[in-house]
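J.: Sending over target.pdb (PDB, C-alpha atoms and all ligand atoms).
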```pdb
ATOM      1  CA  MET H 124      33.514  14.538  -1.536  1.00  0.00           C
ATOM      2  CA  THR H 125      32.329  11.160  -0.404  1.00  0.00           C
ATOM      3  CA  ASP H 126      30.922   8.971  -3.106  1.00  0.00           C
ATOM      4  CA  ARG H 127      27.152   8.568  -2.713  1.00  0.00           C
ATOM      5  CA  ARG H 128      27.231   4.783  -2.782  1.00  0.00           C
ATOM      6  CA  THR H 129      29.778   4.703   0.078  1.00  0.00           C
ATOM      7  CA  GLU H 130      27.676   7.157   2.070  1.00  0.00           C
ATOM      8  CA  LEU H 131      24.462   5.153   1.585  1.00  0.00           C
ATOM      9  CA  ALA H 132      26.251   1.892   2.422  1.00  0.00           C
ATOM     10  CA  ALA H 133      27.610   3.375   5.669  1.00  0.00           C
ATOM     11  CA  ASN H 134      24.200   4.782   6.639  1.00  0.00           C
ATOM     12  CA  LEU H 135      22.476   1.480   5.860  1.00  0.00           C
ATOM     13  CA  ALA H 136      25.032  -0.363   7.991  1.00  0.00           C
ATOM     14  CA  ARG H 137      24.310   1.958  10.926  1.00  0.00           C
ATOM     15  CA  VAL H 138      20.537   1.491  10.583  1.00  0.00           C
ATOM     16  CA  GLU H 139      21.011  -2.276  10.271  1.00  0.00           C
ATOM     17  CA  GLU H 140      23.078  -2.196  13.472  1.00  0.00           C
ATOM     18  CA  ARG H 141      20.272  -0.330  15.290  1.00  0.00           C
ATOM     19  CA  ILE H 142      17.614  -2.773  14.096  1.00  0.00           C
ATOM     20  CA  SER H 143      19.745  -5.770  15.069  1.00  0.00           C
ATOM     21  CA  ALA H 144      20.504  -4.314  18.501  1.00  0.00           C
ATOM     22  CA  ALA H 145      16.825  -3.514  19.120  1.00  0.00           C
ATOM     23  CA  CYS H 146      15.822  -7.039  18.043  1.00  0.00           C
ATOM     24  CA  ALA H 147      18.439  -8.596  20.306  1.00  0.00           C
ATOM     25  CA  ALA H 148      17.364  -6.435  23.269  1.00  0.00           C
ATOM     26  CA  ALA H 149      13.731  -7.444  22.727  1.00  0.00           C
ATOM     27  CA  GLY H 150      14.504 -11.134  22.233  1.00  0.00           C
ATOM     28  CA  ARG H 151      13.241 -10.969  18.654  1.00  0.00           C
ATOM     29  CA  LYS H 152      14.752 -12.528  15.552  1.00  0.00           C
ATOM     30  CA  ARG H 153      16.207 -10.051  13.062  1.00  0.00           C
ATOM     31  CA  GLU H 154      14.029 -11.606  10.307  1.00  0.00           C
ATOM     32  CA  GLU H 155      10.892 -10.461  12.137  1.00  0.00           C
ATOM     33  CA  VAL H 156      11.569  -6.846  11.134  1.00  0.00           C
ATOM     34  CA  THR H 157      11.585  -5.562   7.556  1.00  0.00           C
ATOM     35  CA  LEU H 158      13.410  -2.351   6.704  1.00  0.00           C
ATOM     36  CA  ILE H 159      11.541  -0.062   4.318  1.00  0.00           C
ATOM     37  CA  VAL H 160      13.678   2.830   3.080  1.00  0.00           C
ATOM     38  CA  VAL H 161      11.664   6.012   2.541  1.00  0.00           C
ATOM     39  CA  THR H 162      13.153   7.599  -0.592  1.00  0.00           C
ATOM     40  CA  LYS H 163      10.866  10.663  -0.821  1.00  0.00           C
ATOM     41  CA  THR H 164      12.595  13.826  -2.118  1.00  0.00           C
ATOM     42  CA  TYR H 165      15.612  11.753  -3.261  1.00  0.00           C
ATOM     43  CA  PRO H 166      16.254  10.844  -6.909  1.00  0.00           C
ATOM     44  CA  ALA H 167      15.772   7.551  -8.742  1.00  0.00           C
ATOM     45  CA  SER H 168      19.575   7.228  -8.895  1.00  0.00           C
ATOM     46  CA  ASP H 169      19.573   6.799  -5.090  1.00  0.00           C
ATOM     47  CA  VAL H 170      16.838   4.154  -5.346  1.00  0.00           C
ATOM     48  CA  ARG H 171      19.035   2.298  -7.836  1.00  0.00           C
ATOM     49  CA  LEU H 172      22.061   2.456  -5.514  1.00  0.00           C
ATOM     50  CA  LEU H 173      19.957   1.251  -2.584  1.00  0.00           C
ATOM     51  CA  SER H 174      18.744  -1.676  -4.655  1.00  0.00           C
ATOM     52  CA  GLU H 175      22.349  -2.554  -5.533  1.00  0.00           C
ATOM     53  CA  LEU H 176      23.163  -2.384  -1.807  1.00  0.00           C
ATOM     54  CA  GLY H 177      20.474  -4.976  -1.068  1.00  0.00           C
ATOM     55  CA  VAL H 178      17.436  -2.880  -0.153  1.00  0.00           C
ATOM     56  CA  ARG H 179      14.235  -4.617  -1.280  1.00  0.00           C
ATOM     57  CA  HIS H 180      11.512  -2.307   0.119  1.00  0.00           C
ATOM     58  CA  VAL H 181      11.168   1.391  -0.650  1.00  0.00           C
ATOM     59  CA  ALA H 182       8.450   3.901   0.251  1.00  0.00           C
ATOM     60  CA  GLU H 183       7.181   7.194  -1.102  1.00  0.00           C
ATOM     61  CA  ASN H 184       4.567   9.645   0.202  1.00  0.00           C
ATOM     62  CA  ARG H 185       3.622  11.777  -2.834  1.00  0.00           C
ATOM     63  CA  ASP H 186       2.299  10.263  -6.035  1.00  0.00           C
ATOM     64  CA  GLN H 187       3.624  13.122  -8.201  1.00  0.00           C
ATOM     65  CA  ASP H 188       7.198  12.204  -7.216  1.00  0.00           C
ATOM     66  CA  ALA H 189       6.709   8.477  -6.779  1.00  0.00           C
ATOM     67  CA  ALA H 190       5.115   7.638 -10.142  1.00  0.00           C
ATOM     68  CA  PRO H 191       8.037   8.761 -12.361  1.00  0.00           C
ATOM     69  CA  LYS H 192      10.586   7.345  -9.896  1.00  0.00           C
ATOM     70  CA  ALA H 193       8.888   3.948  -9.837  1.00  0.00           C
ATOM     71  CA  ALA H 194       8.744   3.972 -13.636  1.00  0.00           C
ATOM     72  CA  GLU H 195      12.484   4.702 -13.864  1.00  0.00           C
ATOM     73  CA  CYS H 196      13.176   1.868 -11.429  1.00  0.00           C
ATOM     74  CA  ALA H 197      10.738  -0.668 -12.886  1.00  0.00           C
ATOM     75  CA  ASP H 198      13.602  -3.057 -13.726  1.00  0.00           C
ATOM     76  CA  LEU H 199      14.675  -3.342 -10.060  1.00  0.00           C
ATOM     77  CA  PRO H 200      13.519  -6.125  -7.697  1.00  0.00           C
ATOM     78  CA  LEU H 201      11.763  -3.705  -5.332  1.00  0.00           C
ATOM     79  CA  THR H 202       8.512  -3.703  -3.413  1.00  0.00           C
ATOM     80  CA  TRP H 203       6.972  -0.206  -3.430  1.00  0.00           C
ATOM     81  CA  HIS H 204       5.109   1.070  -0.391  1.00  0.00           C
ATOM     82  CA  PHE H 205       2.900   4.167  -0.425  1.00  0.00           C
ATOM     83  CA  VAL H 206       2.936   5.852   2.995  1.00  0.00           C
ATOM     84  CA  GLY H 207       1.475   9.346   2.407  1.00  0.00           C
ATOM     85  CA  GLN H 208      -1.987  10.779   2.688  1.00  0.00           C
ATOM     86  CA  LEU H 209      -3.813   9.641  -0.398  1.00  0.00           C
ATOM     87  CA  GLN H 210      -6.459  11.510  -2.366  1.00  0.00           C
ATOM     88  CA  THR H 211      -8.920   9.420  -4.339  1.00  0.00           C
ATOM     89  CA  ASN H 212      -7.941  11.128  -7.624  1.00  0.00           C
ATOM     90  CA  LYS H 213      -4.389   9.760  -7.203  1.00  0.00           C
ATOM     91  CA  VAL H 214      -5.456   6.205  -6.468  1.00  0.00           C
ATOM     92  CA  ARG H 215      -5.316   4.881 -10.029  1.00  0.00           C
ATOM     93  CA  SER H 216      -1.748   6.075 -10.427  1.00  0.00           C
ATOM     94  CA  VAL H 217      -0.633   4.745  -7.028  1.00  0.00           C
ATOM     95  CA  VAL H 218      -2.131   1.319  -7.723  1.00  0.00           C
ATOM     96  CA  SER H 219      -0.093   1.083 -10.928  1.00  0.00           C
ATOM     97  CA  TYR H 220       3.210   0.822  -8.978  1.00  0.00           C
ATOM     98  CA  ALA H 221       2.490   0.329  -5.272  1.00  0.00           C
ATOM     99  CA  ASP H 222       2.338  -3.152  -3.772  1.00  0.00           C
ATOM    100  CA  VAL H 223       1.365  -1.955  -0.290  1.00  0.00           C
ATOM    101  CA  VAL H 224      -0.593   1.146   0.793  1.00  0.00           C
ATOM    102  CA  HIS H 225       0.054   2.090   4.447  1.00  0.00           C
ATOM    103  CA  SER H 226      -2.337   5.023   4.683  1.00  0.00           C
ATOM    104  CA  VAL H 227      -5.856   3.627   4.332  1.00  0.00           C
ATOM    105  CA  ASP H 228      -8.008   5.722   6.667  1.00  0.00           C
ATOM    106  CA  ARG H 229     -11.499   6.034   5.235  1.00  0.00           C
ATOM    107  CA  ILE H 230     -14.178   4.002   3.451  1.00  0.00           C
ATOM    108  CA  ARG H 231     -14.126   6.228   0.365  1.00  0.00           C
ATOM    109  CA  LEU H 232     -10.469   5.378  -0.099  1.00  0.00           C
ATOM    110  CA  VAL H 233     -11.191   1.648   0.256  1.00  0.00           C
ATOM    111  CA  THR H 234     -13.818   1.913  -2.475  1.00  0.00           C
ATOM    112  CA  ALA H 235     -11.480   3.821  -4.800  1.00  0.00           C
ATOM    113  CA  LEU H 236      -8.513   1.496  -4.163  1.00  0.00           C
ATOM    114  CA  SER H 237     -10.667  -1.549  -4.820  1.00  0.00           C
ATOM    115  CA  ALA H 238     -11.976  -0.189  -8.122  1.00  0.00           C
ATOM    116  CA  ALA H 239      -8.441   0.701  -9.242  1.00  0.00           C
ATOM    117  CA  ALA H 240      -6.972  -2.651  -8.162  1.00  0.00           C
ATOM    118  CA  VAL H 241      -9.677  -4.597 -10.004  1.00  0.00           C
ATOM    119  CA  ARG H 242      -9.185  -2.478 -13.104  1.00  0.00           C
ATOM    120  CA  ALA H 243      -5.403  -3.017 -12.977  1.00  0.00           C
ATOM    121  CA  GLY H 244      -5.800  -6.728 -12.259  1.00  0.00           C
ATOM    122  CA  ARG H 245      -3.763  -6.362  -9.073  1.00  0.00           C
ATOM    123  CA  GLU H 246      -4.028  -7.477  -5.448  1.00  0.00           C
ATOM    124  CA  LEU H 247      -3.088  -4.688  -3.075  1.00  0.00           C
ATOM    125  CA  ASP H 248      -2.022  -5.074   0.555  1.00  0.00           C
ATOM    126  CA  CYS H 249      -3.723  -2.401   2.660  1.00  0.00           C
ATOM    127  CA  LEU H 250      -2.591  -1.155   6.059  1.00  0.00           C
ATOM    128  CA  ILE H 251      -4.960   0.925   8.128  1.00  0.00           C
ATOM    129  CA  GLN H 252      -3.275   4.094   9.353  1.00  0.00           C
ATOM    130  CA  VAL H 253      -4.151   4.695  12.991  1.00  0.00           C
ATOM    131  CA  ALA H 254      -4.138   8.244  14.391  1.00  0.00           C
ATOM    132  CA  LEU H 255      -3.431   7.638  18.072  1.00  0.00           C
ATOM    133  CA  ASP H 256      -4.138  11.308  18.799  1.00  0.00           C
ATOM    134  CA  ALA H 257      -7.562  11.388  17.101  1.00  0.00           C
ATOM    135  CA  GLU H 258     -10.710  11.426  19.194  1.00  0.00           C
ATOM    136  CA  SER H 259     -13.382   8.808  18.707  1.00  0.00           C
ATOM    137  CA  GLY H 260     -14.561   8.656  15.102  1.00  0.00           C
ATOM    138  CA  GLU H 261     -12.258  11.426  13.872  1.00  0.00           C
ATOM    139  CA  ARG H 262      -9.356  11.423  11.509  1.00  0.00           C
ATOM    140  CA  GLY H 263      -6.137  13.114  12.587  1.00  0.00           C
ATOM    141  CA  ASP H 264      -4.531  16.110  10.845  1.00  0.00           C
ATOM    142  CA  ARG H 265      -1.862  13.960   9.302  1.00  0.00           C
ATOM    143  CA  GLY H 266      -4.266  11.232   8.245  1.00  0.00           C
ATOM    144  CA  GLY H 267      -5.200   8.065  10.049  1.00  0.00           C
ATOM    145  CA  VAL H 268      -8.396   6.828  11.616  1.00  0.00           C
ATOM    146  CA  ALA H 269      -9.115   6.923  15.347  1.00  0.00           C
ATOM    147  CA  PRO H 270      -8.522   3.538  17.032  1.00  0.00           C
ATOM    148  CA  ASP H 271     -12.256   2.853  17.318  1.00  0.00           C
ATOM    149  CA  GLY H 272     -12.601   3.117  13.537  1.00  0.00           C
ATOM    150  CA  VAL H 273     -10.152   0.309  12.739  1.00  0.00           C
ATOM    151  CA  ALA H 274     -12.573  -2.630  12.860  1.00  0.00           C
ATOM    152  CA  VAL H 275     -15.066  -1.129  10.421  1.00  0.00           C
ATOM    153  CA  LEU H 276     -12.299  -0.293   7.932  1.00  0.00           C
ATOM    154  CA  ALA H 277     -10.783  -3.770   8.226  1.00  0.00           C
ATOM    155  CA  ASP H 278     -14.143  -5.338   7.435  1.00  0.00           C
ATOM    156  CA  ALA H 279     -14.547  -3.012   4.439  1.00  0.00           C
ATOM    157  CA  ILE H 280     -11.092  -3.914   3.089  1.00  0.00           C
ATOM    158  CA  THR H 281     -11.828  -7.621   3.554  1.00  0.00           C
ATOM    159  CA  ALA H 282     -15.073  -7.294   1.620  1.00  0.00           C
ATOM    160  CA  ALA H 283     -13.476  -5.234  -1.169  1.00  0.00           C
ATOM    161  CA  GLU H 284     -12.346  -7.019  -4.315  1.00  0.00           C
ATOM    162  CA  GLY H 285      -8.648  -6.640  -5.102  1.00  0.00           C
ATOM    163  CA  LEU H 286      -7.653  -5.623  -1.566  1.00  0.00           C
ATOM    164  CA  ARG H 287      -6.172  -7.601   1.332  1.00  0.00           C
ATOM    165  CA  PRO H 288      -6.244  -6.361   4.946  1.00  0.00           C
ATOM    166  CA  ALA H 289      -2.546  -6.554   5.828  1.00  0.00           C
ATOM    167  CA  GLY H 290      -2.290  -4.764   9.173  1.00  0.00           C
ATOM    168  CA  LEU H 291      -1.735  -1.372  10.784  1.00  0.00           C
ATOM    169  CA  MET H 292       0.489   1.666  10.416  1.00  0.00           C
ATOM    170  CA  THR H 293       1.088   4.658  12.645  1.00  0.00           C
ATOM    171  CA  VAL H 294       3.270   7.725  12.990  1.00  0.00           C
ATOM    172  CA  ALA H 295       4.155   8.574  16.603  1.00  0.00           C
ATOM    173  CA  PRO H 296       1.931  11.565  17.501  1.00  0.00           C
ATOM    174  CA  LEU H 297       3.463  15.022  18.022  1.00  0.00           C
ATOM    175  CA  ALA H 298       0.496  16.155  20.129  1.00  0.00           C
ATOM    176  CA  GLY H 299      -1.904  14.652  22.630  1.00  0.00           C
ATOM    177  CA  PRO H 300      -1.255  12.059  25.330  1.00  0.00           C
ATOM    178  CA  TYR H 301       1.444  10.244  23.323  1.00  0.00           C
ATOM    179  CA  ALA H 302       3.507  13.316  22.388  1.00  0.00           C
ATOM    180  CA  GLY H 303       7.154  12.594  23.175  1.00  0.00           C
ATOM    181  CA  ARG H 304       6.276   9.022  24.219  1.00  0.00           C
ATOM    182  CA  PRO H 305       6.828   6.920  21.086  1.00  0.00           C
ATOM    183  CA  ARG H 306       7.224   3.665  23.029  1.00  0.00           C
ATOM    184  CA  ALA H 307       3.836   4.138  24.700  1.00  0.00           C
ATOM    185  CA  ALA H 308       2.304   4.995  21.315  1.00  0.00           C
ATOM    186  CA  PHE H 309       3.731   1.876  19.699  1.00  0.00           C
ATOM    187  CA  ASP H 310       2.616  -0.296  22.620  1.00  0.00           C
ATOM    188  CA  ARG H 311      -0.916   1.038  22.098  1.00  0.00           C
ATOM    189  CA  LEU H 312      -0.678   0.249  18.366  1.00  0.00           C
ATOM    190  CA  MET H 313       0.329  -3.341  19.247  1.00  0.00           C
ATOM    191  CA  GLU H 314      -2.778  -3.663  21.447  1.00  0.00           C
ATOM    192  CA  ILE H 315      -4.935  -2.486  18.570  1.00  0.00           C
ATOM    193  CA  SER H 316      -3.110  -4.956  16.299  1.00  0.00           C
ATOM    194  CA  THR H 317      -3.905  -7.819  18.686  1.00  0.00           C
ATOM    195  CA  GLY H 318      -7.578  -6.900  18.470  1.00  0.00           C
ATOM    196  CA  LEU H 319      -7.440  -6.675  14.690  1.00  0.00           C
ATOM    197  CA  ARG H 320      -5.710 -10.050  14.317  1.00  0.00           C
ATOM    198  CA  ALA H 321      -8.408 -11.755  16.395  1.00  0.00           C
ATOM    199  CA  ALA H 322     -10.859 -11.005  13.572  1.00  0.00           C
ATOM    200  CA  HIS H 323      -8.349 -10.915  10.659  1.00  0.00           C
ATOM    201  CA  PRO H 324      -5.434 -13.279  11.440  1.00  0.00           C
ATOM    202  CA  ALA H 325      -3.583 -12.457   8.200  1.00  0.00           C
ATOM    203  CA  ALA H 326      -3.557  -8.716   8.968  1.00  0.00           C
ATOM    204  CA  ASN H 327      -0.341  -9.114  10.940  1.00  0.00           C
ATOM    205  CA  MET H 328       1.866  -6.305   9.619  1.00  0.00           C
ATOM    206  CA  VAL H 329       2.685  -3.526  12.087  1.00  0.00           C
ATOM    207  CA  SER H 330       4.334  -0.572  10.345  1.00  0.00           C
ATOM    208  CA  ALA H 331       5.803   1.774  12.939  1.00  0.00           C
ATOM    209  CA  GLY H 332       9.017   3.604  13.631  1.00  0.00           C
ATOM    210  CA  MET H 333      11.026   6.115  11.604  1.00  0.00           C
ATOM    211  CA  SER H 334      14.628   7.338  11.845  1.00  0.00           C
ATOM    212  CA  ALA H 335      14.175   8.857  15.303  1.00  0.00           C
ATOM    213  CA  ASP H 336      12.161   6.105  16.967  1.00  0.00           C
ATOM    214  CA  LEU H 337      12.727   2.849  15.085  1.00  0.00           C
ATOM    215  CA  ASP H 338      14.344   1.330  18.201  1.00  0.00           C
ATOM    216  CA  ASP H 339      11.167   1.922  20.248  1.00  0.00           C
ATOM    217  CA  ALA H 340       9.066   0.476  17.435  1.00  0.00           C
ATOM    218  CA  VAL H 341      11.131  -2.716  17.243  1.00  0.00           C
ATOM    219  CA  ALA H 342      10.998  -3.028  21.042  1.00  0.00           C
ATOM    220  CA  ALA H 343       7.207  -2.737  20.947  1.00  0.00           C
ATOM    221  CA  GLY H 344       6.851  -5.377  18.225  1.00  0.00           C
ATOM    222  CA  ALA H 345       6.786  -3.586  14.858  1.00  0.00           C
ATOM    223  CA  THR H 346       7.219  -5.854  11.832  1.00  0.00           C
ATOM    224  CA  HIS H 347       8.105  -2.999   9.438  1.00  0.00           C
ATOM    225  CA  VAL H 348      10.116   0.169  10.101  1.00  0.00           C
ATOM    226  CA  ARG H 349      10.041   3.107   7.648  1.00  0.00           C
ATOM    227  CA  VAL H 350      13.398   4.854   7.621  1.00  0.00           C
ATOM    228  CA  GLY H 351      14.230   7.904   5.504  1.00  0.00           C
ATOM    229  CA  SER H 352      16.735  10.458   6.759  1.00  0.00           C
ATOM    230  CA  ALA H 353      18.926   7.979   8.684  1.00  0.00           C
ATOM    231  CA  VAL H 354      19.692   6.282   5.356  1.00  0.00           C
ATOM    232  CA  LEU H 355      19.491   9.074   2.772  1.00  0.00           C
ATOM    233  CA  GLY H 356      20.328  12.163   4.798  1.00  0.00           C
ATOM    234  CA  VAL H 357      18.246  14.987   6.225  1.00  0.00           C
ATOM    235  CA  ARG H 358      15.741  16.256   3.684  1.00  0.00           C
ATOM    236  CA  PRO H 359      15.967  19.930   2.743  1.00  0.00           C
ATOM    237  CA  GLY H 360      12.793  21.795   3.738  1.00  0.00           C
ATOM    238  CA  LEU H 361       9.539  19.955   4.286  1.00  0.00           C
ATOM    239  CA  GLY H 362       9.352  16.368   3.238  1.00  0.00           C
TER
HETATM  240  C1  LIG B 401       9.037  10.593   5.720  1.00  0.00           C
HETATM  241  C2  LIG B 401       8.317   9.458   6.366  1.00  0.00           C
HETATM  242  C3  LIG B 401       9.021   8.457   7.071  1.00  0.00           C
HETATM  243  C4  LIG B 401      10.531   8.494   7.267  1.00  0.00           C
HETATM  244  O1  LIG B 401      10.865   9.513   8.136  1.00  0.00           O
HETATM  245  P1  LIG B 401      12.392   9.754   8.613  1.00  0.00           P
HETATM  246  O2  LIG B 401      12.252  10.533   9.855  1.00  0.00           O
HETATM  247  O3  LIG B 401      13.072  10.481   7.517  1.00  0.00           O
HETATM  248  O4  LIG B 401      12.985   8.407   8.846  1.00  0.00           O
HETATM  249  C5  LIG B 401       8.287   7.418   7.609  1.00  0.00           C
HETATM  250  N1  LIG B 401       6.937   7.360   7.494  1.00  0.00           N
HETATM  251  C6  LIG B 401       6.235   8.282   6.837  1.00  0.00           C
HETATM  252  C7  LIG B 401       4.759   8.158   6.765  1.00  0.00           C
HETATM  253  C8  LIG B 401       6.898   9.366   6.256  1.00  0.00           C
HETATM  254  O5  LIG B 401       6.177  10.311   5.609  1.00  0.00           O
END
```
Let me see the structure of the file written as structure tokens.
T.:
Amino acid sequence: MTDRRTELAANLARVEERISAACAAAGRKREEVTLIVVTKTYPASDVRLLSELGVRHVAENRDQDAAPKAAECADLPLTWHFVGQLQTNKVRSVVSYADVVHSVDRIRLVTALSAAAVRAGRELDCLIQVALDAESGERGDRGGVAPDGVAVLADAITAAEGLRPAGLMTVAPLAGPYAGRPRAAFDRLMEISTGLRAAHPAANMVSAGMSADLDDAVAAGATHVRVGSAVLGVRPGLG
């Protein structure tokens, strides 16, 4: 049986190679792209190994799993990203360990995050999750605001104490006009990002790309890729 550390190191090297190749092909510097390893469904012992292997950014999508894991790993020099759909009753817990929330998609969540951040004495970076398959005004099934809702949310985050508007996040849609066309989806996200940065120059993070499509995301201009299975292995069941 292969030792887990060796396996993770080999997987990380392969992902690093893909990111470097995509950067080179796009004429981008490797430092322009940050790897976030999505550790959902995997144990704290894996997070510890990843940290020893040089990973500095990890992400989780369910507070029930993330909160104990983050507590077990509190001694590690890690930045924690929350990337899942977020209910307002989980916000206080998430704010206790997360440095960045990628899934801000409604005003009610902005209000709750702000109250929790102020109470915890923390400054939280907020990414607006864009649902590229949502119709005007709507939220998508998997979370995210329609593109025409981004500006209003960005203004709300800017006005909210304890929160910073940090940029945009998306998941390549499985349905609608962008289904099966991740590059086109990420190009559209970059256009929306350009519009956002005109009003909020510091909101320059673009979180896009997962194990299957990180190359397209880097080509389009993503600053952060969120990679789970390519590093940790395929998750059993839903995840
Ligand atoms: C699980 C997850 C990822 C990572 O997906 P992989 O296909 O395992 O790389 C990225 N982003 C979000 C929002 C996720 O939930």
J.: Quick check on the file I pasted: which residues fall under the PyMOL selection byres (((chain H and resi 227) around 6) and not hetatm)? Write them as a list in words.
T.: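 In the shown coordinates, the PyMOL selection byres (((chain H and resi 227) around 6) and not hetatm) covers Ser226, Asp228, Ile251 and Gln252 of chain H.
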J.: For ligand LIG 401 (chain B), which of H:Ala190, H:Ala345, H:Ala331, H:Val275 is the closest residue, counting all atoms listed in the file?
T.: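 The closest residue to ligand LIG 401 (chain B) is H:Ala331.
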J.: Report the distance between atom CA of Pro324 of chain H and atom CA of Leu291 of chain H in Å, rounded to one decimal place.
T.: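 Pair atom CA of Pro324 of chain H / atom CA of Leu291 of chain H returns 12.5 Å.
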J.: At what distance in Å, to one decimal, does atom CA of Asp248 of chain H lie from atom CA of Asp169 of chain H?
T.: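 Those two atoms sit 25.3 Å apart.
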J.: For the structure shown, which residues end up in the PyMOL selection byres (((not hetatm)) within 10 of (chain B and resi 401))? Put them as a compact mmCIF listing (two decimals) with C-alpha atoms, in the frame of the given file, please?
T.:
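selection_8.txt written:
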```txt
# COMPACT_ATOMS: atom_id res chain seq x y z
CA ILE H 159 11.54 -0.06 4.32
CA VAL H 160 13.68 2.83 3.08
CA VAL H 161 11.66 6.01 2.54
CA THR H 162 13.15 7.60 -0.59
CA LYS H 163 10.87 10.66 -0.82
CA THR H 164 12.60 13.83 -2.12
CA ALA H 182 8.45 3.90 0.25
CA GLU H 183 7.18 7.19 -1.10
CA ASN H 184 4.57 9.64 0.20
CA ARG H 185 3.62 11.78 -2.83
CA PHE H 205 2.90 4.17 -0.42
CA VAL H 206 2.94 5.85 3.00
CA GLY H 207 1.48 9.35 2.41
CA GLN H 208 -1.99 10.78 2.69
CA HIS H 225 0.05 2.09 4.45
CA SER H 226 -2.34 5.02 4.68
CA GLN H 252 -3.28 4.09 9.35
CA ARG H 265 -1.86 13.96 9.30
CA GLY H 266 -4.27 11.23 8.24
CA MET H 292 0.49 1.67 10.42
CA THR H 293 1.09 4.66 12.64
CA VAL H 294 3.27 7.72 12.99
CA ALA H 295 4.16 8.57 16.60
CA SER H 330 4.33 -0.57 10.34
CA ALA H 331 5.80 1.77 12.94
CA GLY H 332 9.02 3.60 13.63
CA MET H 333 11.03 6.12 11.60
CA SER H 334 14.63 7.34 11.84
CA ALA H 335 14.18 8.86 15.30
CA ASP H 336 12.16 6.10 16.97
CA LEU H 337 12.73 2.85 15.08
CA VAL H 348 10.12 0.17 10.10
CA ARG H 349 10.04 3.11 7.65
CA VAL H 350 13.40 4.85 7.62
CA GLY H 351 14.23 7.90 5.50
CA SER H 352 16.74 10.46 6.76
CA ALA H 353 18.93 7.98 8.68
CA VAL H 354 19.69 6.28 5.36
CA LEU H 355 19.49 9.07 2.77
CA GLY H 356 20.33 12.16 4.80
CA VAL H 357 18.25 14.99 6.22
CA ARG H 358 15.74 16.26 3.68
CA LEU H 361 9.54 19.95 4.29
CA GLY H 362 9.35 16.37 3.24
```
J.: So how far away is atom CA of Leu319 of chain H from atom CA of Ala240 of chain H, in Å?
T.: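 One can read the atom CA of Ala240 of chain H to atom CA of Leu319 of chain H distance as 23.2 Å.
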J.: Near segment 282-290 of chain H, counting only C-alpha atoms, which residues have an atom at most 6 Å away, once you skip same-chain residues fewer than 6 positions from it, shown as a compact mmCIF listing (two decimals) with C-alpha atoms, in the frame of the given file?
T.:
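And here is the file that came out, part21.txt:
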```txt
# COMPACT_ATOMS: atom_id res chain seq x y z
CA SER H 237 -10.67 -1.55 -4.82
CA ALA H 240 -6.97 -2.65 -8.16
CA VAL H 241 -9.68 -4.60 -10.00
CA GLU H 246 -4.03 -7.48 -5.45
CA LEU H 247 -3.09 -4.69 -3.08
CA ASP H 248 -2.02 -5.07 0.56
CA CYS H 249 -3.72 -2.40 2.66
CA LEU H 250 -2.59 -1.16 6.06
CA ALA H 326 -3.56 -8.72 8.97
CA ASN H 327 -0.34 -9.11 10.94
CA MET H 328 1.87 -6.30 9.62
CA VAL H 329 2.68 -3.53 12.09
```
J.: Under the rule that all atoms listed in the file are counted, which of H:Arg171, H:His180, H:Arg306, H:Arg141 is the nearest residue to Thr157 of chain H?
T.: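 For Thr157 of chain H, the nearest of the given residues is H:His180.
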J.: Run the PyMOL selection byres (((chain H and resi 255) around 12) and not hetatm) on the file and write out the hits as a ChimeraX atom specification.
T.: /H:252-254,256-273,291-302,304-305,307-315
J.: Quick one: axis-aligned box around all listed atoms of segment 339-349 of chain H, 5 Å on every side, centre and edge lengths in Å to one decimal, written as lines of an AutoDock Vina configuration file.
T.:
```
center_x = 9.0
center_y = -1.4
center_z = 14.3
size_x = 14.4
size_y = 19.0
size_z = 23.4
```
J.: If you count all atoms listed in the file, which residues fall within 12 Å of Asn212 of chain H, apart from same-chain ones fewer than 6 positions away, as an MDAnalysis selection string?
T.: chainID H and resid 186:187 218 231:232 235:236 239
J.: Write a file of the selected residues as a PDB file, in the frame of the given file, keeping C-alpha atoms.
T.:
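As a result, part.pdb now contains:
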```pdb
ATOM      1  CA  ASP H 186       2.299  10.263  -6.035  1.00  0.00           C
ATOM      2  CA  GLN H 187       3.624  13.122  -8.201  1.00  0.00           C
ATOM      3  CA  VAL H 218      -2.131   1.319  -7.723  1.00  0.00           C
ATOM      4  CA  ARG H 231     -14.126   6.228   0.365  1.00  0.00           C
ATOM      5  CA  LEU H 232     -10.469   5.378  -0.099  1.00  0.00           C
ATOM      6  CA  ALA H 235     -11.480   3.821  -4.800  1.00  0.00           C
ATOM      7  CA  LEU H 236      -8.513   1.496  -4.163  1.00  0.00           C
ATOM      8  CA  ALA H 239      -8.441   0.701  -9.242  1.00  0.00           C
TER       9      ALA H 239
END
```
